[in-house]
Amino acid sequence: MISITFLLFLIIGTSNAQFQNVALQGRATQSTNDGWLSTGQNAIDGNTDSEYLHGSCFSTTFALSPWWRLDLLKSYKISHITITKRNCCAHFIDGAEILIGDSLANNGNNNPRCAVSSTGGAETYQCNGMKGRYVNVGLPGRWGYLTFCEVQVFVSQEESETIKTKNNAVQVIVSASANANSQSTAQQQRSVPNRRRGQRSPNH
Ligand code: CA
């Protein structure tokens, strides 16, 4: 008899197989850093261990309006985001806002909102294709610690392939342009001695 847990694993595993976690390729930063154990990059290291002392979580200091920002390096249509909270204190980020957008105004904290975090250990928020390069999580207007252990940002496989194809096309154009410039420069350099020789020619 197949257990309910195994069925849930199959359902979640199958659904997430259609998506790619693009957070792993990103760069994380944060409003304040609580020490070497708590760097923002720990929240995108691919490890959902929720014990802070194991070194895979992130935390700000106790501060007003703390925030964490992920730069995906490219703008994606984001399907959903999963946040794994700390085992001791998931409630620290109750009410945290999850924002997505392409603007760095106010450190990205003015971008449109996908969802607000509620109580729970690991939560998934549907963003329904909201587009953006930056994902922010923050507690605007509140004093507190912003702390969690992993943020997974899922895009569809189709979206991932589209962005890769666009990126490759840009690289080909840039490479072709660089080659053309290089050849042009080489031609100009070759033409300089010719002109100098021309100046010494009997015709001038
Ligand atoms: Ca982690």
# chains A, B, ... in the order shown; residues from 1 in each chain; ligands from 1

$ residues_near_ligand --ligand "ligand 1" --cutoff "10 Å" --atoms "only C-alpha atoms and all ligand atoms" --output "list in words"
Ser38, Gly40, Gln41, Asn42, Ala43, Ile44, Asp45, Gly46, Asn47, Thr48, Asp49, Ser50, Glu51, Tyr52, His54, Gly55, Ser56, Cys57, Phe58, Ile83, Thr84, Lys85, Arg86, Phe148, Cys149, Glu150, Val151 and Gln152 of chain A

$ write_last_selection --atoms "N, CA and C atoms" --output "compact mmCIF listing (two decimals), in the first residue's frame"
# COMPACT_ATOMS: atom_id res chain seq x y z
N SER A 38 25.82 33.74 8.79
CA SER A 38 24.51 34.23 8.34
C SER A 38 24.53 34.97 7.02
N GLY A 40 23.92 36.09 3.31
CA GLY A 40 22.74 35.90 2.47
C GLY A 40 22.89 34.80 1.45
N GLN A 41 24.12 34.52 1.05
CA GLN A 41 24.36 33.46 0.05
C GLN A 41 23.97 32.09 0.59
N ASN A 42 23.93 31.95 1.94
CA ASN A 42 23.52 30.67 2.54
C ASN A 42 22.08 30.29 2.17
N ALA A 43 21.29 31.30 1.81
CA ALA A 43 19.88 31.04 1.48
C ALA A 43 19.69 30.56 0.05
N ILE A 44 20.79 30.49 -0.71
CA ILE A 44 20.69 29.95 -2.07
C ILE A 44 21.83 28.95 -2.33
N ASP A 45 22.18 28.20 -1.29
CA ASP A 45 23.28 27.23 -1.45
C ASP A 45 22.78 25.83 -1.80
N GLY A 46 21.46 25.70 -2.02
CA GLY A 46 20.92 24.39 -2.41
C GLY A 46 20.68 23.46 -1.25
N ASN A 47 20.89 23.95 -0.02
CA ASN A 47 20.75 23.13 1.18
C ASN A 47 19.59 23.68 2.02
N THR A 48 18.57 22.85 2.25
CA THR A 48 17.39 23.31 2.99
C THR A 48 17.47 22.98 4.49
N ASP A 49 18.64 22.63 4.97
CA ASP A 49 18.82 22.38 6.41
C ASP A 49 18.35 23.61 7.19
N SER A 50 17.43 23.41 8.13
CA SER A 50 16.82 24.55 8.82
C SER A 50 17.43 24.82 10.20
N GLU A 51 18.55 24.16 10.52
CA GLU A 51 19.24 24.42 11.78
C GLU A 51 20.32 25.47 11.55
N TYR A 52 20.14 26.62 12.16
CA TYR A 52 21.03 27.76 11.92
C TYR A 52 22.51 27.42 12.16
N HIS A 54 24.12 24.87 11.68
CA HIS A 54 24.74 24.03 10.65
C HIS A 54 25.31 24.87 9.50
N GLY A 55 25.07 26.18 9.54
CA GLY A 55 25.76 27.08 8.60
C GLY A 55 25.14 27.21 7.22
N SER A 56 23.85 26.90 7.09
CA SER A 56 23.23 27.03 5.77
C SER A 56 22.02 27.98 5.79
N CYS A 57 21.96 28.82 6.82
CA CYS A 57 20.86 29.78 6.93
C CYS A 57 21.41 31.20 6.85
N PHE A 58 20.52 32.12 6.84
CA PHE A 58 20.89 33.53 6.71
C PHE A 58 20.17 34.33 7.79
N ILE A 83 10.17 29.16 0.40
CA ILE A 83 11.09 29.62 1.44
C ILE A 83 11.10 28.60 2.57
N THR A 84 12.29 28.13 2.92
CA THR A 84 12.47 27.23 4.06
C THR A 84 12.89 28.07 5.26
N LYS A 85 12.11 28.01 6.31
CA LYS A 85 12.35 28.86 7.48
C LYS A 85 13.19 28.11 8.53
N ARG A 86 13.66 28.85 9.52
CA ARG A 86 14.48 28.24 10.58
C ARG A 86 13.61 27.39 11.50
N PHE A 148 16.10 33.15 7.43
CA PHE A 148 15.54 31.92 6.86
C PHE A 148 16.69 31.10 6.30
N CYS A 149 16.36 29.93 5.78
CA CYS A 149 17.44 29.00 5.43
C CYS A 149 17.59 28.71 3.93
N GLU A 150 16.53 28.82 3.17
CA GLU A 150 16.66 28.59 1.73
C GLU A 150 15.52 29.26 0.99
N VAL A 151 15.86 29.86 -0.14
CA VAL A 151 14.85 30.41 -1.05
C VAL A 151 15.05 29.74 -2.41
N GLN A 152 13.99 29.12 -2.87
CA GLN A 152 14.03 28.48 -4.20
C GLN A 152 13.10 29.25 -5.12

$ select_by_dssp --residues "range 92-163 of chain A" --states "strand (DSSP E)" --output "VMD selection string"
chain A and resid 97 to 101 113 to 116 122 to 138 143 to 144 147 to 148 150 to 156

$ write_last_selection --atoms "N, CA and C atoms" --output "short mmCIF file (atom, residue, chain, number, x, y, z; two decimals), in the first residue's frame"
data_model
loop_
_atom_site.label_atom_id
_atom_site.label_comp_id
_atom_site.auth_asym_id
_atom_site.auth_seq_id
_atom_site.Cartn_x
_atom_site.Cartn_y
_atom_site.Cartn_z
N GLU A 97 7.41 40.43 3.24
CA GLU A 97 6.93 40.64 1.88
C GLU A 97 7.91 40.03 0.88
N ILE A 98 7.37 39.36 -0.13
CA ILE A 98 8.19 38.76 -1.19
C ILE A 98 7.92 39.56 -2.46
N LEU A 99 8.95 40.22 -2.95
CA LEU A 99 8.81 41.15 -4.07
C LEU A 99 9.59 40.65 -5.28
N ILE A 100 9.09 40.99 -6.46
CA ILE A 100 9.75 40.59 -7.71
C ILE A 100 9.74 41.79 -8.66
N GLY A 101 10.87 42.06 -9.30
CA GLY A 101 10.88 43.13 -10.28
C GLY A 101 12.27 43.35 -10.85
N ARG A 113 4.70 43.17 -5.33
CA ARG A 113 4.64 42.10 -4.34
C ARG A 113 4.02 40.84 -4.92
N CYS A 114 4.70 39.73 -4.67
CA CYS A 114 4.13 38.43 -5.06
C CYS A 114 3.28 37.88 -3.93
N ALA A 115 3.78 37.97 -2.70
CA ALA A 115 3.06 37.33 -1.58
C ALA A 115 3.57 37.88 -0.26
N VAL A 116 2.85 37.51 0.80
CA VAL A 116 3.26 37.83 2.17
C VAL A 116 3.40 36.52 2.92
N ALA A 122 8.08 25.58 5.80
CA ALA A 122 8.50 25.81 4.41
C ALA A 122 7.23 26.12 3.64
N GLU A 123 7.25 27.22 2.96
CA GLU A 123 6.04 27.65 2.28
C GLU A 123 6.31 27.93 0.82
N THR A 124 5.33 27.66 -0.02
CA THR A 124 5.44 27.96 -1.45
C THR A 124 4.43 29.04 -1.80
N TYR A 125 4.91 30.03 -2.52
CA TYR A 125 4.08 31.18 -2.91
C TYR A 125 3.97 31.19 -4.43
N GLN A 126 2.76 31.23 -4.92
CA GLN A 126 2.53 31.27 -6.36
C GLN A 126 2.70 32.71 -6.85
N CYS A 127 3.57 32.89 -7.84
CA CYS A 127 3.78 34.24 -8.37
C CYS A 127 3.25 34.36 -9.80
N ASN A 128 2.81 33.27 -10.36
CA ASN A 128 2.04 33.28 -11.63
C ASN A 128 2.71 34.05 -12.76
N GLY A 129 4.01 33.84 -12.91
CA GLY A 129 4.70 34.45 -14.07
C GLY A 129 5.10 35.90 -13.87
N MET A 130 5.09 36.39 -12.63
CA MET A 130 5.60 37.75 -12.40
C MET A 130 7.04 37.81 -12.90
N LYS A 131 7.37 38.93 -13.56
CA LYS A 131 8.67 39.00 -14.23
C LYS A 131 9.64 39.86 -13.43
N GLY A 132 10.86 39.39 -13.32
CA GLY A 132 11.85 40.21 -12.63
C GLY A 132 13.20 39.53 -12.51
N ARG A 133 14.21 40.38 -12.36
CA ARG A 133 15.56 39.91 -12.14
C ARG A 133 15.87 39.82 -10.64
N TYR A 134 15.14 40.64 -9.86
CA TYR A 134 15.41 40.70 -8.43
C TYR A 134 14.25 40.13 -7.61
N VAL A 135 14.60 39.34 -6.61
CA VAL A 135 13.62 38.83 -5.65
C VAL A 135 14.03 39.37 -4.28
N ASN A 136 13.14 40.14 -3.67
CA ASN A 136 13.41 40.66 -2.33
C ASN A 136 12.48 39.99 -1.31
N VAL A 137 13.03 39.78 -0.12
CA VAL A 137 12.21 39.39 1.02
C VAL A 137 12.52 40.40 2.12
N GLY A 138 11.51 40.96 2.74
CA GLY A 138 11.79 42.01 3.72
C GLY A 138 10.66 42.23 4.70
N TRP A 143 10.78 46.46 13.10
CA TRP A 143 12.03 46.06 13.72
C TRP A 143 12.03 44.54 13.85
N GLY A 144 13.17 43.92 13.54
CA GLY A 144 13.22 42.48 13.73
C GLY A 144 14.43 41.85 13.06
N THR A 147 15.35 36.29 8.85
CA THR A 147 16.18 35.09 8.88
C THR A 147 15.42 33.90 8.29
N PHE A 148 16.10 33.15 7.43
CA PHE A 148 15.54 31.92 6.86
C PHE A 148 16.69 31.10 6.30
N GLU A 150 16.53 28.82 3.17
CA GLU A 150 16.66 28.59 1.73
C GLU A 150 15.52 29.26 0.99
N VAL A 151 15.86 29.86 -0.14
CA VAL A 151 14.85 30.41 -1.05
C VAL A 151 15.05 29.74 -2.41
N GLN A 152 13.99 29.12 -2.87
CA GLN A 152 14.03 28.48 -4.20
C GLN A 152 13.10 29.25 -5.12
N VAL A 153 13.62 29.65 -6.26
CA VAL A 153 12.86 30.44 -7.22
C VAL A 153 12.67 29.59 -8.47
N PHE A 154 11.43 29.20 -8.71
CA PHE A 154 11.17 28.26 -9.80
C PHE A 154 10.62 28.96 -11.04
N VAL A 155 11.22 28.62 -12.17
CA VAL A 155 10.68 29.04 -13.47
C VAL A 155 10.42 27.77 -14.27
N SER A 156 9.54 27.88 -15.27
CA SER A 156 9.24 26.71 -16.08
C SER A 156 10.47 26.33 -16.90
#

$ closest_residue --among "A:Ile93, A:Leu72, A:Val22, A:Cys88" --to "Leu53 in chain A" --atoms "only C-alpha atoms"
A:Cys88

$ atom_distance --atom1 "CA of Leu139 in chain A" --atom2 "CA of Trp36 in chain A"
21.9 Å

$ atom_distance --atom1 "CA of Ala63 in chain A" --atom2 "CA of Ser75 in chain A"
29.5 Å
